[in-house]
$ cat run.cif   # mmCIF, C-alpha atoms
data_run
loop_
_atom_site.group_PDB
_atom_site.id
_atom_site.type_symbol
_atom_site.label_atom_id
_atom_site.label_comp_id
_atom_site.auth_asym_id
_atom_site.auth_seq_id
_atom_site.Cartn_x
_atom_site.Cartn_y
_atom_site.Cartn_z
ATOM 1 C CA MET F 314 24.211 -17.325 -3.168
ATOM 2 C CA ASP F 315 26.998 -14.804 -3.464
ATOM 3 C CA GLN F 316 27.005 -11.329 -1.956
ATOM 4 C CA ALA F 317 25.618 -9.531 -5.024
ATOM 5 C CA GLU F 318 22.695 -11.966 -5.360
ATOM 6 C CA ILE F 319 21.780 -11.668 -1.674
ATOM 7 C CA LEU F 320 21.867 -7.859 -1.754
ATOM 8 C CA LEU F 321 19.939 -7.610 -5.038
ATOM 9 C CA ASP F 322 17.251 -10.010 -3.803
ATOM 10 C CA ALA F 323 16.899 -8.148 -0.500
ATOM 11 C CA GLU F 324 16.721 -4.760 -2.206
ATOM 12 C CA GLU F 325 14.087 -5.904 -4.718
ATOM 13 C CA ARG F 326 11.921 -7.461 -2.010
ATOM 14 C CA MET F 327 12.226 -4.415 0.282
ATOM 15 C CA ASP F 328 11.325 -2.134 -2.629
ATOM 16 C CA LYS F 329 8.276 -4.293 -3.320
ATOM 17 C CA ALA F 330 7.228 -4.026 0.358
ATOM 18 C CA VAL F 331 7.449 -0.227 0.118
ATOM 19 C CA HIS F 332 5.340 -0.231 -3.077
ATOM 20 C CA VAL F 333 2.682 -2.391 -1.408
ATOM 21 C CA PHE F 334 2.616 0.063 1.509
ATOM 22 C CA GLN F 335 2.331 2.978 -0.908
ATOM 23 C CA GLY F 336 -0.653 1.302 -2.583
ATOM 24 C CA GLN F 337 -2.308 0.719 0.783
ATOM 25 C CA LEU F 338 -1.861 4.388 1.688
ATOM 26 C CA GLN F 339 -3.690 5.467 -1.469
ATOM 27 C CA GLY F 340 -6.810 3.707 -0.235
ATOM 28 C CA ILE F 341 -6.836 5.640 3.031
ATOM 29 C CA ARG F 342 -9.239 8.506 2.934
ATOM 30 C CA THR F 343 -8.233 12.079 3.585
ATOM 31 C CA GLY F 344 -10.594 15.035 3.497
ATOM 32 C CA ARG F 345 -10.287 15.227 -0.304
ATOM 33 C CA ALA F 346 -11.586 12.944 -3.026
ATOM 34 C CA THR F 347 -8.994 10.950 -5.003
ATOM 35 C CA PRO F 348 -9.471 8.088 -7.481
ATOM 36 C CA GLY F 349 -7.165 5.984 -5.279
ATOM 37 C CA LEU F 350 -9.912 5.718 -2.657
ATOM 38 C CA VAL F 351 -11.855 3.224 -4.778
ATOM 39 C CA ASP F 352 -8.873 1.293 -6.208
ATOM 40 C CA SER F 353 -9.218 -1.540 -3.716
ATOM 41 C CA ILE F 354 -12.936 -2.098 -4.402
ATOM 42 C CA ARG F 355 -13.783 -5.268 -6.294
ATOM 43 C CA VAL F 356 -17.067 -5.603 -8.154
ATOM 44 C CA ASP F 357 -18.850 -8.852 -8.995
ATOM 45 C CA TYR F 358 -18.596 -8.787 -12.795
ATOM 46 C CA TYR F 359 -20.609 -11.757 -14.071
ATOM 47 C CA GLY F 360 -19.387 -13.994 -11.272
ATOM 48 C CA SER F 361 -15.769 -12.903 -10.951
ATOM 49 C CA PRO F 362 -14.514 -10.187 -8.581
ATOM 50 C CA THR F 363 -12.981 -7.491 -10.782
ATOM 51 C CA PRO F 364 -11.116 -4.345 -9.687
ATOM 52 C CA LEU F 365 -13.321 -1.283 -10.146
ATOM 53 C CA LYS F 366 -10.689 0.601 -12.142
ATOM 54 C CA GLN F 367 -10.732 -2.163 -14.799
ATOM 55 C CA MET F 368 -14.445 -1.758 -15.452
ATOM 56 C CA ALA F 369 -15.048 1.971 -15.083
ATOM 57 C CA ASN F 370 -13.538 5.384 -15.613
ATOM 58 C CA VAL F 371 -12.934 6.995 -12.210
ATOM 59 C CA SER F 372 -12.586 10.779 -12.077
ATOM 60 C CA VAL F 373 -12.725 13.620 -9.563
ATOM 61 C CA PRO F 374 -14.815 16.470 -11.040
ATOM 62 C CA GLU F 375 -14.948 18.352 -7.707
ATOM 63 C CA PRO F 376 -12.702 18.240 -4.600
ATOM 64 C CA GLN F 377 -15.407 16.443 -2.589
ATOM 65 C CA GLN F 378 -16.784 14.097 -5.256
ATOM 66 C CA ILE F 379 -15.728 10.955 -7.131
ATOM 67 C CA LEU F 380 -17.471 10.151 -10.409
ATOM 68 C CA ILE F 381 -17.486 6.534 -11.605
ATOM 69 C CA ARG F 382 -18.534 5.986 -15.211
ATOM 70 C CA PRO F 383 -18.774 2.232 -15.980
ATOM 71 C CA PHE F 384 -17.798 0.969 -19.447
ATOM 72 C CA ASP F 385 -20.862 -1.316 -19.251
ATOM 73 C CA ALA F 386 -23.873 0.765 -18.127
ATOM 74 C CA GLY F 387 -25.584 -2.380 -16.825
ATOM 75 C CA MET F 388 -22.994 -2.640 -14.048
ATOM 76 C CA VAL F 389 -24.004 0.596 -12.256
ATOM 77 C CA GLY F 390 -26.066 -1.345 -9.690
ATOM 78 C CA GLU F 391 -23.279 -3.868 -9.010
ATOM 79 C CA ILE F 392 -20.726 -1.057 -8.571
ATOM 80 C CA ALA F 393 -23.031 0.748 -6.120
ATOM 81 C CA LYS F 394 -23.563 -2.507 -4.222
ATOM 82 C CA ALA F 395 -19.793 -3.142 -3.993
ATOM 83 C CA ILE F 396 -19.141 0.389 -2.702
ATOM 84 C CA THR F 397 -21.874 0.036 -0.076
ATOM 85 C CA ALA F 398 -20.429 -3.330 1.016
ATOM 86 C CA SER F 399 -16.907 -1.892 1.356
ATOM 87 C CA ASP F 400 -15.761 -0.463 4.695
ATOM 88 C CA MET F 401 -15.346 3.044 3.287
ATOM 89 C CA GLY F 402 -18.557 4.374 4.811
ATOM 90 C CA LEU F 403 -19.649 6.099 1.606
ATOM 91 C CA ALA F 404 -23.152 6.113 0.139
ATOM 92 C CA PRO F 405 -23.188 5.922 -3.675
ATOM 93 C CA ASN F 406 -25.692 7.990 -5.694
ATOM 94 C CA THR F 407 -26.645 6.576 -9.094
ATOM 95 C CA ASP F 408 -28.642 7.951 -12.008
ATOM 96 C CA GLY F 409 -28.569 4.802 -14.131
ATOM 97 C CA ARG F 410 -25.426 5.771 -16.070
ATOM 98 C CA VAL F 411 -22.877 6.929 -13.482
ATOM 99 C CA VAL F 412 -22.156 6.518 -9.782
ATOM 100 C CA ARG F 413 -21.368 9.595 -7.704
ATOM 101 C CA LEU F 414 -19.633 9.412 -4.348
ATOM 102 C CA ASN F 415 -19.796 12.519 -2.206
ATOM 103 C CA ILE F 416 -16.879 12.598 0.192
ATOM 104 C CA PRO F 417 -17.988 14.238 3.454
ATOM 105 C CA PRO F 418 -15.440 16.038 5.598
ATOM 106 C CA LEU F 419 -13.863 13.741 8.149
ATOM 107 C CA SER F 420 -14.687 14.140 11.834
ATOM 108 C CA THR F 421 -11.804 14.450 14.269
ATOM 109 C CA GLU F 422 -12.568 10.967 15.613
ATOM 110 C CA ARG F 423 -12.524 9.472 12.103
ATOM 111 C CA ARG F 424 -9.242 11.264 11.338
ATOM 112 C CA ARG F 425 -7.693 9.682 14.444
ATOM 113 C CA GLN F 426 -8.897 6.260 13.286
ATOM 114 C CA MET F 427 -7.328 6.858 9.862
ATOM 115 C CA VAL F 428 -4.029 7.909 11.461
ATOM 116 C CA SER F 429 -3.981 4.779 13.617
ATOM 117 C CA ARG F 430 -4.645 2.697 10.474
ATOM 118 C CA VAL F 431 -1.699 4.421 8.751
ATOM 119 C CA LYS F 432 0.482 3.541 11.752
ATOM 120 C CA GLU F 433 -0.666 -0.103 11.619
ATOM 121 C CA LEU F 434 0.110 -0.348 7.897
ATOM 122 C CA ALA F 435 3.511 1.301 8.422
ATOM 123 C CA GLU F 436 4.374 -1.185 11.167
ATOM 124 C CA GLU F 437 3.336 -4.086 8.910
ATOM 125 C CA ALA F 438 5.614 -2.716 6.174
ATOM 126 C CA ARG F 439 8.524 -2.323 8.613
ATOM 127 C CA ILE F 440 7.996 -5.889 9.869
ATOM 128 C CA SER F 441 8.022 -7.125 6.285
ATOM 129 C CA ILE F 442 11.299 -5.288 5.638
ATOM 130 C CA ARG F 443 12.839 -6.756 8.807
ATOM 131 C CA ASN F 444 11.765 -10.257 7.763
ATOM 132 C CA ILE F 445 13.520 -9.723 4.436
ATOM 133 C CA ARG F 446 16.636 -8.620 6.374
ATOM 134 C CA ARG F 447 16.450 -11.815 8.455
ATOM 135 C CA ASP F 448 16.184 -13.950 5.304
ATOM 136 C CA ALA F 449 19.134 -12.168 3.684
ATOM 137 C CA ASN F 450 21.246 -12.654 6.818
ATOM 138 C CA LYS F 451 20.340 -16.374 6.832
ATOM 139 C CA HIS F 452 21.434 -16.625 3.192
ATOM 140 C CA ALA F 453 24.732 -14.910 4.093
ATOM 141 C CA ASP F 454 25.313 -17.334 6.992
ATOM 142 C CA GLN F 455 24.476 -20.301 4.771
ATOM 143 C CA SER F 456 26.807 -19.052 2.020
ATOM 144 C CA GLU F 457 29.620 -18.790 4.550
ATOM 145 C CA LYS F 458 28.933 -22.347 5.757
ATOM 146 C CA ASP F 459 28.886 -23.565 2.149
ATOM 147 C CA LYS F 460 32.268 -21.867 1.607
ATOM 148 C CA VAL F 461 30.832 -19.563 -1.090
ATOM 149 C CA MET F 462 32.009 -16.521 0.848
ATOM 150 C CA GLY F 463 34.395 -15.875 3.678
ATOM 151 C CA GLU F 464 33.678 -14.552 7.158
ATOM 152 C CA ASP F 465 34.632 -10.966 6.292
ATOM 153 C CA GLU F 466 32.471 -11.012 3.167
ATOM 154 C CA ARG F 467 29.551 -12.407 5.192
ATOM 155 C CA ASP F 468 29.904 -9.629 7.767
ATOM 156 C CA ASP F 469 30.150 -7.042 4.989
ATOM 157 C CA THR F 470 27.002 -8.479 3.396
ATOM 158 C CA LYS F 471 25.127 -8.264 6.709
ATOM 159 C CA ASP F 472 26.242 -4.629 7.138
ATOM 160 C CA GLN F 473 25.016 -3.755 3.643
ATOM 161 C CA VAL F 474 21.692 -5.544 4.293
ATOM 162 C CA GLN F 475 21.322 -3.490 7.485
ATOM 163 C CA ASP F 476 21.975 -0.297 5.494
ATOM 164 C CA LEU F 477 19.249 -1.334 3.020
ATOM 165 C CA THR F 478 16.894 -2.023 5.927
ATOM 166 C CA LYS F 479 17.480 1.461 7.368
ATOM 167 C CA LYS F 480 17.012 3.052 3.940
ATOM 168 C CA PHE F 481 13.675 1.337 3.247
ATOM 169 C CA GLU F 482 12.368 1.775 6.800
ATOM 170 C CA GLY F 483 13.153 5.469 6.392
ATOM 171 C CA LYS F 484 11.066 5.552 3.208
ATOM 172 C CA VAL F 485 8.151 3.872 5.002
ATOM 173 C CA ASN F 486 8.435 6.293 7.927
ATOM 174 C CA SER F 487 8.502 9.386 5.709
ATOM 175 C CA MET F 488 5.529 8.141 3.643
ATOM 176 C CA ALA F 489 3.565 7.385 6.836
ATOM 177 C CA ASP F 490 4.388 10.807 8.325
ATOM 178 C CA ALA F 491 3.266 12.565 5.130
ATOM 179 C CA LYS F 492 0.001 10.604 5.040
ATOM 180 C CA GLU F 493 -0.696 11.266 8.739
ATOM 181 C CA LYS F 494 -0.146 14.977 8.154
ATOM 182 C CA ASP F 495 -2.427 14.828 5.099
ATOM 183 C CA VAL F 496 -5.184 13.087 7.061
ATOM 184 C CA MET F 497 -5.020 15.469 10.022
ATOM 185 C CA ASP F 498 -4.963 18.648 7.893
ATOM 186 C CA GLU F 499 -8.423 19.957 7.190
#

$ encode --input "run.cif" --output "structure tokens"
Amino acid sequence: MDQAEILLDAEERMDKAVHVFQGQLQGIRTGRATPGLVDSIRVDYYGSPTPLKQMANVSVPEPQQILIRPFDAGMVGEIAKAITASDMGLAPNTDGRVVRLNIPPLSTERRRQMVSRVKELAEEARISIRNIRRDANKHADQSEKDKVMGEDERDDTKDQVQDLTKKFEGKVNSMADAKEKDVMDE
């Protein structure tokens, strides 16, 4: 691989790691209701686990409530069962046509747990980014051994990979800080 390929591959993979982290953050509960809270829930739809957002319209009519309106009214019970089985700690209310989730205010203890979860997810994302850096550096070393690039070009590639690593770790850190602040604010 030449320098451009190594850098492009590393940047794409690091960007993907940041997007995965961003998706994980959406599922972490703050004091307000957001449709992202139920994105990770999978419902047994005639034998196959299906993401909730593919089988229902999810809206937030009030700041403390999520309204789930299934496309197939017969799935209300399955959706309620999936929400109860999830680790969100929410009790669904159904009226036969829709599922309502009332989001209670978070206790201080629960907020601390959420913040520690954000920190865990951020560390996982940073580890993923560092693993991508390691792979890119290995590719640079291998390319130098294979005489595809010279020593100076290899060192330059490693420096640019390190700059990418700092850039994407900075994004993860700022996203984690914003989410922690969001969780701790009442």

$ resolve_selection --input "run.cif" --expression "the PyMOL selection byres ((chain F and resi 400) around 12)" --output "list in words"
Gly340, Ile341, Arg342, Leu350, Val351, Ser353, Ile354, Ala395, Ile396, Thr397, Ala398, Ser399, Met401, Gly402, Leu403 and Ala404 of chain F

$ atom_distance --input "run.cif" --atom1 "CA of Leu414 in chain F" --atom2 "CA of Gln378 in chain F"
5.6 Å

$ resolve_selection --input "run.cif" --expression "the PyMOL selection byres ((chain F and resi 451-465) around 12)" --output "list in words"
Met314, Asp315, Gln316, Ala317, Glu318, Ile319, Leu320, Asp322, Ala323, Asn444, Ile445, Arg446, Arg447, Asp448, Ala449, Asn450, Glu466, Arg467, Asp468, Asp469, Thr470, Lys471, Asp472, Gln473 and Val474 of chain F

$ residues_around --input "run.cif" --residues "Ile416 in chain F" --least-positions-apart "5" --cutoff "8 Å" --atoms "only C-alpha atoms" --output "PyMOL selection string"
chain F and resi 344-346+377-379+403

$ resolve_selection --input "run.cif" --expression "the PyMOL selection byres ((chain F and resi 411) around 6)" --output "list in words"
Ile381, Arg382, Thr407, Arg410 and Val412 of chain F

$ atom_distance --input "run.cif" --atom1 "CA of Arg423 in chain F" --atom2 "CA of Glu375 in chain F"
21.8 Å

$ residues_around --input "run.cif" --residues "Lys432 in chain F" --least-positions-apart "4" --cutoff "10 Å" --atoms "all atoms listed in the file" --output "MDAnalysis selection string"
chainID F and resid 426:428 436:438 486 489:490 492:493

$ closest_atom_pairs --input "run.cif" --of "range 361-477 of chain F" --to "range 324-337 of chain F" --cutoff "8 Å" --atoms "all atoms listed in the file" --output "CSV"
residue,atom,partner,partner_atom,distance
F:Leu434,CA,F:Phe334,CA,6.9
F:Ala435,CA,F:Phe334,CA,7.1
F:Ala438,CA,F:Ala330,CA,6.2
F:Ser441,CA,F:Ala330,CA,6.7
F:Ile442,CA,F:Met327,CA,5.5
F:Ile445,CA,F:Met327,CA,6.9
F:Leu477,CA,F:Glu324,CA,6.7

$ atom_distance --input "run.cif" --atom1 "CA of Ser361 in chain F" --atom2 "CA of Asp408 in chain F"
24.5 Å
